[in-house]
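Data file: coords-v6.pdb. Format and content: PDB, C-alpha atoms, pLDDT in the B column.
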```
ATOM      1  CA  MET O   1      39.998 -29.609  77.022  1.00 81.00           C
ATOM      2  CA  LEU O   2      40.623 -27.900  80.342  1.00 89.00           C
ATOM      3  CA  PHE O   3      38.530 -24.699  80.592  1.00 95.00           C
ATOM      4  CA  PRO O   4      38.153 -23.409  84.170  1.00 97.00           C
ATOM      5  CA  LEU O   5      36.505 -20.206  85.307  1.00 98.00           C
ATOM      6  CA  ILE O   6      38.671 -18.341  87.816  1.00 98.00           C
ATOM      7  CA  LEU O   7      37.291 -15.967  90.451  1.00 98.00           C
ATOM      8  CA  VAL O   8      39.934 -13.717  91.998  1.00 98.00           C
ATOM      9  CA  SER O   9      39.333 -12.884  95.680  1.00 97.00           C
ATOM     10  CA  PRO O  10      35.508 -12.950  95.601  1.00 96.00           C
ATOM     11  CA  ALA O  11      34.142 -11.485  98.834  1.00 94.00           C
ATOM     12  CA  ARG O  12      30.454 -12.460  98.813  1.00 95.00           C
ATOM     13  CA  PRO O  13      29.512 -16.141  99.046  1.00 97.00           C
ATOM     14  CA  GLU O  14      26.211 -15.383  97.302  1.00 96.00           C
ATOM     15  CA  ASN O  15      28.105 -14.251  94.206  1.00 96.00           C
ATOM     16  CA  ILE O  16      30.140 -17.454  94.190  1.00 97.00           C
ATOM     17  CA  GLY O  17      26.968 -19.500  94.477  1.00 97.00           C
ATOM     18  CA  ALA O  18      25.390 -17.557  91.611  1.00 96.00           C
ATOM     19  CA  ALA O  19      28.512 -18.121  89.510  1.00 96.00           C
ATOM     20  CA  ALA O  20      28.405 -21.871  90.204  1.00 97.00           C
ATOM     21  CA  ARG O  21      24.723 -21.994  89.267  1.00 96.00           C
ATOM     22  CA  ALA O  22      25.383 -20.149  85.993  1.00 95.00           C
ATOM     23  CA  MET O  23      28.226 -22.551  85.195  1.00 95.00           C
ATOM     24  CA  LYS O  24      26.102 -25.630  85.860  1.00 95.00           C
ATOM     25  CA  THR O  25      23.263 -24.270  83.725  1.00 93.00           C
ATOM     26  CA  MET O  26      25.568 -23.722  80.734  1.00 93.00           C
ATOM     27  CA  GLY O  27      27.671 -26.865  81.031  1.00 92.00           C
ATOM     28  CA  PHE O  28      30.832 -25.573  82.734  1.00 94.00           C
ATOM     29  CA  THR O  29      32.188 -27.594  85.644  1.00 94.00           C
ATOM     30  CA  ASP O  30      35.673 -26.388  86.639  1.00 97.00           C
ATOM     31  CA  LEU O  31      35.754 -23.498  89.141  1.00 98.00           C
ATOM     32  CA  ARG O  32      38.978 -22.071  90.555  1.00 98.00           C
ATOM     33  CA  ILE O  33      39.077 -19.478  93.323  1.00 98.00           C
ATOM     34  CA  VAL O  34      42.040 -17.281  94.201  1.00 98.00           C
ATOM     35  CA  ASN O  35      42.706 -16.100  97.750  1.00 96.00           C
ATOM     36  CA  SER O  36      39.209 -16.445  99.230  1.00 96.00           C
ATOM     37  CA  GLN O  37      37.398 -18.930 101.435  1.00 96.00           C
ATOM     38  CA  ALA O  38      33.950 -17.393 100.907  1.00 96.00           C
ATOM     39  CA  TRP O  39      32.886 -20.352  98.759  1.00 94.00           C
ATOM     40  CA  GLN O  40      32.867 -22.516 101.906  1.00 95.00           C
ATOM     41  CA  GLU O  41      30.175 -20.400 103.596  1.00 96.00           C
ATOM     42  CA  PRO O  42      26.590 -21.765 103.665  1.00 95.00           C
ATOM     43  CA  ALA O  43      25.240 -18.822 101.650  1.00 96.00           C
ATOM     44  CA  ALA O  44      27.231 -19.911  98.613  1.00 96.00           C
ATOM     45  CA  ARG O  45      25.561 -23.323  98.579  1.00 95.00           C
ATOM     46  CA  TRP O  46      22.097 -21.860  99.154  1.00 95.00           C
ATOM     47  CA  VAL O  47      22.387 -19.659  96.083  1.00 96.00           C
ATOM     48  CA  ALA O  48      24.104 -22.358  94.011  1.00 95.00           C
ATOM     49  CA  HIS O  49      20.836 -24.329  94.175  1.00 90.00           C
ATOM     50  CA  GLY O  50      21.644 -27.629  92.507  1.00 90.00           C
ATOM     51  CA  ALA O  51      25.228 -26.793  91.559  1.00 94.00           C
ATOM     52  CA  GLY O  52      26.718 -28.013  94.815  1.00 94.00           C
ATOM     53  CA  GLU O  53      29.118 -30.399  93.068  1.00 96.00           C
ATOM     54  CA  ILE O  54      30.876 -27.416  91.491  1.00 97.00           C
ATOM     55  CA  LEU O  55      31.477 -25.961  94.962  1.00 96.00           C
ATOM     56  CA  ASP O  56      32.532 -29.388  96.233  1.00 96.00           C
ATOM     57  CA  ASN O  57      35.265 -29.507  93.598  1.00 97.00           C
ATOM     58  CA  VAL O  58      36.550 -25.932  93.817  1.00 97.00           C
ATOM     59  CA  ALA O  59      40.314 -25.651  93.405  1.00 98.00           C
ATOM     60  CA  HIS O  60      41.812 -22.939  95.606  1.00 98.00           C
ATOM     61  CA  PHE O  61      45.002 -21.016  94.766  1.00 98.00           C
ATOM     62  CA  GLU O  62      46.922 -18.347  96.631  1.00 97.00           C
ATOM     63  CA  THR O  63      47.658 -16.207  93.556  1.00 98.00           C
ATOM     64  CA  LEU O  64      46.336 -15.734  90.034  1.00 98.00           C
ATOM     65  CA  SER O  65      49.676 -16.823  88.603  1.00 97.00           C
ATOM     66  CA  ASP O  66      49.304 -20.137  90.433  1.00 98.00           C
ATOM     67  CA  ALA O  67      45.787 -20.582  89.061  1.00 98.00           C
ATOM     68  CA  LEU O  68      47.041 -19.911  85.524  1.00 97.00           C
ATOM     69  CA  ALA O  69      50.147 -22.101  85.731  1.00 96.00           C
ATOM     70  CA  ASP O  70      48.676 -24.893  83.572  1.00 95.00           C
ATOM     71  CA  ILE O  71      46.670 -22.615  81.245  1.00 95.00           C
ATOM     72  CA  ASP O  72      47.793 -21.918  77.667  1.00 92.00           C
ATOM     73  CA  PHE O  73      45.420 -19.020  76.890  1.00 93.00           C
ATOM     74  CA  SER O  74      43.506 -16.824  79.318  1.00 95.00           C
ATOM     75  CA  VAL O  75      40.884 -14.085  79.059  1.00 95.00           C
ATOM     76  CA  ALA O  76      40.148 -11.604  81.845  1.00 94.00           C
ATOM     77  CA  THR O  77      36.865  -9.765  82.229  1.00 91.00           C
ATOM     78  CA  THR O  78      37.077  -6.175  83.389  1.00 83.00           C
ATOM     79  CA  ALA O  79      34.823  -3.117  83.498  1.00 70.00           C
ATOM     80  CA  ARG O  80      37.700  -0.669  83.697  1.00 57.00           C
ATOM     81  CA  SER O  81      40.293   0.509  81.194  1.00 55.00           C
ATOM     82  CA  ARG O  82      43.139   0.043  83.652  1.00 52.00           C
ATOM     83  CA  ALA O  83      45.873  -0.646  81.139  1.00 50.00           C
ATOM     84  CA  LYS O  84      46.442   2.343  78.886  1.00 53.00           C
ATOM     85  CA  PHE O  85      46.823   0.694  75.505  1.00 55.00           C
ATOM     86  CA  ARG O  86      44.888  -2.532  75.855  1.00 66.00           C
ATOM     87  CA  TYR O  87      42.390  -3.914  73.360  1.00 73.00           C
ATOM     88  CA  TYR O  88      39.053  -4.978  74.816  1.00 81.00           C
ATOM     89  CA  ALA O  89      37.084  -7.718  73.057  1.00 87.00           C
ATOM     90  CA  THR O  90      33.328  -8.028  73.299  1.00 88.00           C
ATOM     91  CA  PRO O  91      31.853 -11.343  74.501  1.00 91.00           C
ATOM     92  CA  GLN O  92      31.029 -12.168  70.866  1.00 91.00           C
ATOM     93  CA  GLN O  93      34.615 -11.493  69.798  1.00 92.00           C
ATOM     94  CA  VAL O  94      35.902 -13.618  72.671  1.00 93.00           C
ATOM     95  CA  GLN O  95      33.787 -16.500  71.404  1.00 92.00           C
ATOM     96  CA  SER O  96      35.320 -16.274  67.924  1.00 91.00           C
ATOM     97  CA  ILE O  97      38.853 -15.985  69.277  1.00 91.00           C
ATOM     98  CA  LEU O  98      38.451 -18.941  71.626  1.00 92.00           C
ATOM     99  CA  GLU O  99      36.840 -21.075  68.929  1.00 89.00           C
ATOM    100  CA  GLU O 100      40.038 -20.718  66.894  1.00 87.00           C
ATOM    101  CA  LYS O 101      42.320 -21.216  69.918  1.00 88.00           C
ATOM    102  CA  ALA O 102      40.458 -24.373  70.905  1.00 86.00           C
ATOM    103  CA  GLN O 103      41.833 -26.053  67.787  1.00 83.00           C
ATOM    104  CA  TRP O 104      45.460 -25.802  68.888  1.00 84.00           C
ATOM    105  CA  VAL O 105      45.865 -25.093  72.612  1.00 88.00           C
ATOM    106  CA  ASN O 106      45.388 -27.562  75.437  1.00 88.00           C
ATOM    107  CA  SER O 107      43.737 -25.297  77.981  1.00 92.00           C
ATOM    108  CA  MET O 108      41.935 -21.965  78.283  1.00 95.00           C
ATOM    109  CA  ALA O 109      40.556 -19.976  81.203  1.00 97.00           C
ATOM    110  CA  LEU O 110      38.172 -17.116  81.878  1.00 97.00           C
ATOM    111  CA  VAL O 111      39.160 -14.830  84.772  1.00 98.00           C
ATOM    112  CA  PHE O 112      36.833 -12.603  86.826  1.00 96.00           C
ATOM    113  CA  GLY O 113      38.041  -9.935  89.260  1.00 94.00           C
ATOM    114  CA  ARG O 114      36.967  -8.681  92.658  1.00 92.00           C
ATOM    115  CA  GLU O 115      33.460  -7.326  93.127  1.00 89.00           C
ATOM    116  CA  ASP O 116      34.643  -3.901  94.278  1.00 86.00           C
ATOM    117  CA  SER O 117      37.937  -3.291  92.489  1.00 85.00           C
ATOM    118  CA  GLY O 118      38.293  -5.867  89.708  1.00 88.00           C
ATOM    119  CA  LEU O 119      41.803  -7.015  88.780  1.00 91.00           C
ATOM    120  CA  THR O 120      45.027  -5.141  89.442  1.00 91.00           C
ATOM    121  CA  ASN O 121      47.294  -4.017  86.615  1.00 86.00           C
ATOM    122  CA  GLU O 122      49.738  -6.731  87.627  1.00 90.00           C
ATOM    123  CA  GLU O 123      47.003  -9.363  87.323  1.00 93.00           C
ATOM    124  CA  LEU O 124      45.797  -7.988  83.988  1.00 89.00           C
ATOM    125  CA  ALA O 125      49.337  -8.317  82.658  1.00 86.00           C
ATOM    126  CA  GLN O 126      49.220 -12.076  83.298  1.00 91.00           C
ATOM    127  CA  VAL O 127      46.390 -12.799  80.855  1.00 92.00           C
ATOM    128  CA  ASP O 128      46.346 -12.927  77.056  1.00 90.00           C
ATOM    129  CA  LEU O 129      43.192 -10.959  76.306  1.00 90.00           C
ATOM    130  CA  LEU O 130      40.867  -8.506  78.049  1.00 91.00           C
ATOM    131  CA  THR O 131      37.123  -8.418  77.579  1.00 91.00           C
ATOM    132  CA  GLY O 132      34.249  -6.331  78.849  1.00 86.00           C
ATOM    133  CA  ILE O 133      30.469  -6.375  78.598  1.00 84.00           C
ATOM    134  CA  PRO O 134      29.138  -3.335  76.702  1.00 79.00           C
ATOM    135  CA  MET O 135      26.474  -1.579  78.759  1.00 75.00           C
ATOM    136  CA  ALA O 136      24.190   1.365  78.065  1.00 70.00           C
ATOM    137  CA  ASN O 137      25.275   3.074  81.304  1.00 67.00           C
ATOM    138  CA  ASP O 138      28.327   2.874  83.524  1.00 59.00           C
ATOM    139  CA  TYR O 139      26.019   2.422  86.506  1.00 59.00           C
ATOM    140  CA  PRO O 140      24.405   0.197  87.537  1.00 56.00           C
ATOM    141  CA  SER O 141      26.994  -2.386  86.545  1.00 66.00           C
ATOM    142  CA  LEU O 142      26.609  -6.158  86.483  1.00 76.00           C
ATOM    143  CA  ASN O 143      27.507  -8.044  89.631  1.00 88.00           C
ATOM    144  CA  LEU O 144      29.868 -11.015  89.574  1.00 92.00           C
ATOM    145  CA  GLY O 145      27.192 -13.672  89.222  1.00 92.00           C
ATOM    146  CA  GLN O 146      25.535 -11.831  86.340  1.00 91.00           C
ATOM    147  CA  ALA O 147      28.848 -11.351  84.519  1.00 92.00           C
ATOM    148  CA  VAL O 148      29.632 -15.063  84.828  1.00 95.00           C
ATOM    149  CA  MET O 149      26.206 -15.888  83.420  1.00 95.00           C
ATOM    150  CA  VAL O 150      26.725 -13.600  80.392  1.00 93.00           C
ATOM    151  CA  TYR O 151      29.992 -15.291  79.449  1.00 95.00           C
ATOM    152  CA  CYS O 152      28.829 -18.825  80.214  1.00 95.00           C
ATOM    153  CA  TYR O 153      25.844 -18.271  77.933  1.00 94.00           C
ATOM    154  CA  GLN O 154      27.991 -16.723  75.191  1.00 93.00           C
ATOM    155  CA  LEU O 155      30.517 -19.549  75.336  1.00 94.00           C
ATOM    156  CA  SER O 156      28.146 -22.476  75.888  1.00 90.00           C
ATOM    157  CA  SER O 157      28.305 -23.547  72.247  1.00 85.00           C
ATOM    158  CA  LEU O 158      32.110 -23.439  72.419  1.00 85.00           C
ATOM    159  CA  ARG O 159      32.011 -25.698  75.463  1.00 78.00           C
ATOM    160  CA  GLN O 160      30.041 -28.253  73.481  1.00 70.00           C
ATOM    161  CA  ALA O 161      32.368 -27.955  70.478  1.00 63.00           C
ATOM    162  CA  MET O 162      35.340 -28.832  72.681  1.00 64.00           C
ATOM    163  CA  MET O 163      34.091 -32.399  72.720  1.00 59.00           C
ATOM    164  CA  LEU O 164      34.740 -32.717  68.966  1.00 55.00           C
ATOM    165  CA  PRO O 165      38.078 -33.937  67.511  1.00 57.00           C
ATOM    166  CA  ARG O 166      40.726 -31.278  66.853  1.00 54.00           C
ATOM    167  CA  GLN O 167      41.379 -30.137  63.315  1.00 55.00           C
ATOM    168  CA  GLN O 168      45.072 -29.659  64.049  1.00 55.00           C
ATOM    169  CA  PRO O 169      47.556 -30.754  66.743  1.00 53.00           C
ATOM    170  CA  ALA O 170      47.771 -28.838  69.997  1.00 53.00           C
ATOM    171  CA  ASP O 171      50.722 -26.530  70.596  1.00 59.00           C
ATOM    172  CA  GLY O 172      49.988 -24.622  73.771  1.00 60.00           C
ATOM    173  CA  GLN O 173      53.563 -23.359  74.135  1.00 72.00           C
ATOM    174  CA  GLN O 174      53.633 -21.585  70.777  1.00 73.00           C
ATOM    175  CA  LEU O 175      52.271 -18.291  72.104  1.00 73.00           C
ATOM    176  CA  ASP O 176      54.536 -18.245  75.165  1.00 77.00           C
ATOM    177  CA  ALA O 177      57.572 -18.930  72.991  1.00 79.00           C
ATOM    178  CA  LEU O 178      56.534 -16.164  70.609  1.00 79.00           C
ATOM    179  CA  ARG O 179      56.207 -13.661  73.447  1.00 78.00           C
ATOM    180  CA  GLN O 180      59.669 -14.547  74.714  1.00 81.00           C
ATOM    181  CA  ARG O 181      61.242 -14.157  71.272  1.00 83.00           C
ATOM    182  CA  ILE O 182      59.616 -10.756  70.805  1.00 83.00           C
ATOM    183  CA  GLU O 183      60.727  -9.609  74.260  1.00 83.00           C
ATOM    184  CA  ASN O 184      64.299 -10.641  73.466  1.00 84.00           C
ATOM    185  CA  LEU O 185      64.183  -8.879  70.107  1.00 83.00           C
ATOM    186  CA  LEU O 186      62.930  -5.647  71.674  1.00 85.00           C
ATOM    187  CA  VAL O 187      65.826  -5.743  74.121  1.00 85.00           C
ATOM    188  CA  THR O 188      68.293  -6.368  71.286  1.00 84.00           C
ATOM    189  CA  LEU O 189      66.854  -3.427  69.356  1.00 84.00           C
ATOM    190  CA  ALA O 190      66.946  -1.234  72.485  1.00 86.00           C
ATOM    191  CA  VAL O 191      63.237  -0.415  72.285  1.00 85.00           C
ATOM    192  CA  SER O 192      62.016  -2.434  75.252  1.00 82.00           C
ATOM    193  CA  GLU O 193      61.309   0.789  77.176  1.00 84.00           C
ATOM    194  CA  ASP O 194      58.707   1.874  74.626  1.00 84.00           C
ATOM    195  CA  GLU O 195      55.674   1.057  76.768  1.00 80.00           C
ATOM    196  CA  LYS O 196      53.103   1.634  74.050  1.00 80.00           C
ATOM    197  CA  LEU O 197      54.933  -0.583  71.552  1.00 83.00           C
ATOM    198  CA  VAL O 198      55.543  -3.357  74.065  1.00 79.00           C
ATOM    199  CA  ASP O 199      51.935  -3.378  75.270  1.00 77.00           C
ATOM    200  CA  TRP O 200      50.578  -3.339  71.713  1.00 78.00           C
ATOM    201  CA  LEU O 201      52.768  -6.265  70.668  1.00 80.00           C
ATOM    202  CA  GLN O 202      51.915  -8.357  73.706  1.00 75.00           C
ATOM    203  CA  GLN O 203      48.182  -7.967  73.373  1.00 73.00           C
ATOM    204  CA  ARG O 204      48.189  -8.570  69.597  1.00 76.00           C
ATOM    205  CA  ILE O 205      49.998 -11.873  70.066  1.00 78.00           C
ATOM    206  CA  GLY O 206      46.907 -13.176  71.844  1.00 74.00           C
ATOM    207  CA  LEU O 207      44.788 -12.442  68.777  1.00 76.00           C
ATOM    208  CA  LEU O 208      46.950 -14.417  66.357  1.00 77.00           C
ATOM    209  CA  GLU O 209      45.637 -17.569  64.754  1.00 75.00           C
ATOM    210  CA  GLN O 210      47.916 -20.597  64.706  1.00 73.00           C
ATOM    211  CA  ARG O 211      49.132 -20.167  61.135  1.00 75.00           C
ATOM    212  CA  ASP O 212      49.874 -16.479  61.771  1.00 79.00           C
ATOM    213  CA  SER O 213      51.788 -17.389  64.911  1.00 78.00           C
ATOM    214  CA  ALA O 214      53.824 -19.980  62.998  1.00 76.00           C
ATOM    215  CA  MET O 215      54.649 -17.496  60.232  1.00 79.00           C
ATOM    216  CA  LEU O 216      55.735 -14.868  62.762  1.00 80.00           C
ATOM    217  CA  HIS O 217      58.016 -17.459  64.379  1.00 74.00           C
ATOM    218  CA  ARG O 218      59.641 -18.008  60.972  1.00 80.00           C
ATOM    219  CA  LEU O 219      60.070 -14.272  60.436  1.00 83.00           C
ATOM    220  CA  LEU O 220      61.602 -13.773  63.877  1.00 80.00           C
ATOM    221  CA  HIS O 221      63.984 -16.657  63.208  1.00 76.00           C
ATOM    222  CA  ASP O 222      65.202 -14.894  60.051  1.00 79.00           C
ATOM    223  CA  VAL O 223      65.520 -11.550  61.856  1.00 83.00           C
ATOM    224  CA  GLU O 224      67.462 -13.126  64.717  1.00 78.00           C
ATOM    225  CA  LYS O 225      69.790 -14.863  62.282  1.00 78.00           C
ATOM    226  CA  LYS O 226      70.476 -11.619  60.420  1.00 79.00           C
ATOM    227  CA  LEU O 227      71.245  -9.820  63.663  1.00 79.00           C
ATOM    228  CA  ILE O 228      73.637 -12.555  64.744  1.00 77.00           C
ATOM    229  CA  ASP O 229      75.389 -12.488  61.350  1.00 72.00           C
ATOM    230  CA  LYS O 230      75.646  -8.697  61.466  1.00 72.00           C
ATOM    231  CA  ASN O 231      77.110  -8.671  64.955  1.00 71.00           C
ATOM    232  CA  SER O 232      79.630 -11.369  64.098  1.00 67.00           C
ATOM    233  CA  VAL O 233      81.122  -9.357  61.232  1.00 56.00           C
TER     234      VAL O 233
END
```

Hey, can you dump this file as structure tokens for me?
Amino acid sequence: MLFPLILVSPARPENIGAAARAMKTMGFTDLRIVNSQAWQEPAARWVAHGAGEILDNVAHFETLSDALADIDFSVATTARSRAKFRYYATPQQVQSILEEKAQWVNSMALVFGREDSGLTNEELAQVDLLTGIPMANDYPSLNLGQAVMVYCYQLSSLRQAMMLPRQQPADGQQLDALRQRIENLLVTLAVSEDEKLVDWLQQRIGLLEQRDSAMLHRLLHDVEKKLIDKNSV
């Protein structure tokens, strides 16, 4: 299964090198970088210390949306509550959620933001789930390399489990299709301007297991049919 780590506009090559080293230590190999060339600086390779092949194979993208184009389910790490109504999963909760998703999606990704400002609201809106590392104090916070290490360690067992046969067939488009159906229904019901409702629905979709997603598709089909029948009378 495809499972890249994505660094958005990292500024310090040392942090990129530390991230690559953490990935190599825990068995992750696919690193994507958005809008930054800092990974090509010598300092990144010095700190990577034995993880040079990860830097050699970095995939660079101009935008986060480009980096996520082939990803079915994505998780973004953030230290700030930028979005007003968003649910934040702990690293342990992320592990459980991704273990279930790994049985029926083709690709997943973990996204890390800028060292100084994290991810923008527009970037946060592109992912399926937000996560943060609980800390005793707001300051000092973890730097980028440390945050990558925390998640690589937490998810290392998941990485190994990805090598096992699936229990059920992959259907990476199921969540995207569900989001689109819900968006259309909200417009039909004239409640698409309810920001709290829309945000709550969108984030909860990412938490659904496959059977729950399938059942919700069936329910939406029945609702859509009833609305069509009602409007045709």

Output as a tab-separated table one row per residue of stretch 116-144 of chain O within 12 Å of stretch 18-34 of chain O: the closest atom pair and its distance in Å to one decimal place, counting all atoms listed in the file, sorted by chain and residue number ascending.
```
residue	atom	partner	partner_atom	distance
O:Leu119	CA	O:Val34	CA	11.6
O:Glu123	CA	O:Val34	CA	11.6
O:Asn143	CA	O:Ala18	CA	9.9
O:Leu144	CA	O:Ala19	CA	7.2
```

Quick one: which residues end up in the PyMOL selection byres ((chain O and resi 76) around 7) for this structure, as a ChimeraX atom specification? /O:74-75,77-78,110-112,127,129-131

I'd like the contact shell of O:Pro42 - 12 Å cut-off, only C-alpha atoms, skipping same-chain residues fewer than 6 positions apart - returned as a list of chain:residue names.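 So the residues in contact are O:Arg12, O:Pro13, O:Glu14, O:Ile16, O:Gly17, O:Ala48, O:His49, O:Gly52, O:Leu55.
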
Expansion of the PyMOL selection byres ((chain O and resi 213-226) around 8) into residues, as a ChimeraX atom specification: /O:174-175,178,181-182,185,205,208-212,227-230

Taken to one decimal, the atom CA of O:Val58-atom CA of O:Glu41 distance is 12.9 Å

Please report the interatomic distance between atom CA of O:Phe73 and atom CA of O:Val105 in Å with one decimal.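 These atoms are spaced 7.4 Å apart.
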
So what do you get for atom CA of O:Pro91 versus atom CA of O:Ser107, distance-wise?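 Separating atom CA of O:Pro91 from atom CA of O:Ser107 is a distance of 18.7 Å.
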
Assuming the input is short of atoms at stretch 29-37 of chain O, produce all heavy atoms for that part as a PDB file, keeping the file's coordinate frame.
```pdb
ATOM      1  N   THR O  29      32.077 -26.817  84.409  1.00 94.00           N
ATOM      2  CA  THR O  29      32.188 -27.594  85.644  1.00 94.00           C
ATOM      3  C   THR O  29      33.390 -27.234  86.514  1.00 94.00           C
ATOM      4  O   THR O  29      33.397 -27.555  87.703  1.00 94.00           O
ATOM      5  CB  THR O  29      32.291 -29.098  85.320  1.00 94.00           C
ATOM      6  OG1 THR O  29      33.437 -29.324  84.484  1.00 94.00           O
ATOM      7  CG2 THR O  29      31.038 -29.578  84.581  1.00 94.00           C
ATOM      8  N   ASP O  30      34.402 -26.588  85.944  1.00 97.00           N
ATOM      9  CA  ASP O  30      35.673 -26.388  86.639  1.00 97.00           C
ATOM     10  C   ASP O  30      35.770 -24.968  87.176  1.00 97.00           C
ATOM     11  O   ASP O  30      35.919 -24.008  86.418  1.00 97.00           O
ATOM     12  CB  ASP O  30      36.827 -26.669  85.667  1.00 97.00           C
ATOM     13  CG  ASP O  30      38.181 -26.684  86.361  1.00 97.00           C
ATOM     14  OD1 ASP O  30      38.243 -26.369  87.565  1.00 97.00           O
ATOM     15  OD2 ASP O  30      39.181 -27.011  85.702  1.00 97.00           O
ATOM     16  N   LEU O  31      35.685 -24.813  88.499  1.00 98.00           N
ATOM     17  CA  LEU O  31      35.754 -23.498  89.141  1.00 98.00           C
ATOM     18  C   LEU O  31      37.011 -23.399  89.995  1.00 98.00           C
ATOM     19  O   LEU O  31      37.271 -24.266  90.831  1.00 98.00           O
ATOM     20  CB  LEU O  31      34.522 -23.258  90.013  1.00 98.00           C
ATOM     21  CG  LEU O  31      34.476 -21.929  90.786  1.00 98.00           C
ATOM     22  CD1 LEU O  31      34.512 -20.736  89.838  1.00 98.00           C
ATOM     23  CD2 LEU O  31      33.230 -21.879  91.679  1.00 98.00           C
ATOM     24  N   ARG O  32      37.797 -22.347  89.749  1.00 98.00           N
ATOM     25  CA  ARG O  32      38.978 -22.071  90.555  1.00 98.00           C
ATOM     26  C   ARG O  32      38.784 -20.742  91.279  1.00 98.00           C
ATOM     27  O   ARG O  32      38.271 -19.787  90.691  1.00 98.00           O
ATOM     28  CB  ARG O  32      40.228 -22.008  89.668  1.00 98.00           C
ATOM     29  CG  ARG O  32      40.498 -23.294  88.916  1.00 98.00           C
ATOM     30  CD  ARG O  32      41.781 -23.239  88.100  1.00 98.00           C
ATOM     31  NE  ARG O  32      42.028 -24.507  87.411  1.00 98.00           N
ATOM     32  CZ  ARG O  32      43.136 -24.806  86.751  1.00 98.00           C
ATOM     33  NH1 ARG O  32      44.120 -23.906  86.672  1.00 98.00           N
ATOM     34  NH2 ARG O  32      43.270 -25.976  86.167  1.00 98.00           N
ATOM     35  N   ILE O  33      39.219 -20.693  92.522  1.00 98.00           N
ATOM     36  CA  ILE O  33      39.077 -19.478  93.323  1.00 98.00           C
ATOM     37  C   ILE O  33      40.443 -19.090  93.874  1.00 98.00           C
ATOM     38  O   ILE O  33      41.192 -19.928  94.378  1.00 98.00           O
ATOM     39  CB  ILE O  33      38.062 -19.676  94.456  1.00 98.00           C
ATOM     40  CG1 ILE O  33      36.656 -19.860  93.851  1.00 98.00           C
ATOM     41  CG2 ILE O  33      38.072 -18.494  95.414  1.00 98.00           C
ATOM     42  CD1 ILE O  33      35.561 -20.047  94.872  1.00 98.00           C
ATOM     43  N   VAL O  34      40.752 -17.808  93.763  1.00 98.00           N
ATOM     44  CA  VAL O  34      42.040 -17.281  94.201  1.00 98.00           C
ATOM     45  C   VAL O  34      41.858 -16.489  95.492  1.00 98.00           C
ATOM     46  O   VAL O  34      41.052 -15.548  95.551  1.00 98.00           O
ATOM     47  CB  VAL O  34      42.669 -16.383  93.119  1.00 98.00           C
ATOM     48  CG1 VAL O  34      43.950 -15.727  93.632  1.00 98.00           C
ATOM     49  CG2 VAL O  34      42.947 -17.185  91.851  1.00 98.00           C
ATOM     50  N   ASN O  35      42.585 -16.877  96.523  1.00 96.00           N
ATOM     51  CA  ASN O  35      42.706 -16.100  97.750  1.00 96.00           C
ATOM     52  C   ASN O  35      41.361 -15.706  98.357  1.00 96.00           C
ATOM     53  O   ASN O  35      41.092 -14.535  98.645  1.00 96.00           O
ATOM     54  CB  ASN O  35      43.542 -14.842  97.483  1.00 96.00           C
ATOM     55  CG  ASN O  35      43.922 -14.123  98.762  1.00 96.00           C
ATOM     56  OD1 ASN O  35      44.085 -14.741  99.810  1.00 96.00           O
ATOM     57  ND2 ASN O  35      44.055 -12.807  98.685  1.00 96.00           N
ATOM     58  N   SER O  36      40.496 -16.684  98.574  1.00 96.00           N
ATOM     59  CA  SER O  36      39.209 -16.445  99.230  1.00 96.00           C
ATOM     60  C   SER O  36      38.654 -17.768  99.716  1.00 96.00           C
ATOM     61  O   SER O  36      38.766 -18.787  99.033  1.00 96.00           O
ATOM     62  CB  SER O  36      38.216 -15.789  98.267  1.00 96.00           C
ATOM     63  OG  SER O  36      36.922 -15.741  98.849  1.00 96.00           O
ATOM     64  N   GLN O  37      38.053 -17.743 100.897  1.00 96.00           N
ATOM     65  CA  GLN O  37      37.398 -18.930 101.435  1.00 96.00           C
ATOM     66  C   GLN O  37      35.887 -18.760 101.475  1.00 96.00           C
ATOM     67  O   GLN O  37      35.176 -19.582 102.058  1.00 96.00           O
ATOM     68  CB  GLN O  37      37.921 -19.210 102.853  1.00 96.00           C
ATOM     69  CG  GLN O  37      39.412 -19.504 102.922  1.00 96.00           C
ATOM     70  CD  GLN O  37      39.796 -20.753 102.156  1.00 96.00           C
ATOM     71  OE1 GLN O  37      39.034 -21.726 102.102  1.00 96.00           O
ATOM     72  NE2 GLN O  37      40.981 -20.751 101.542  1.00 96.00           N
TER      73      GLN O  37
END
```
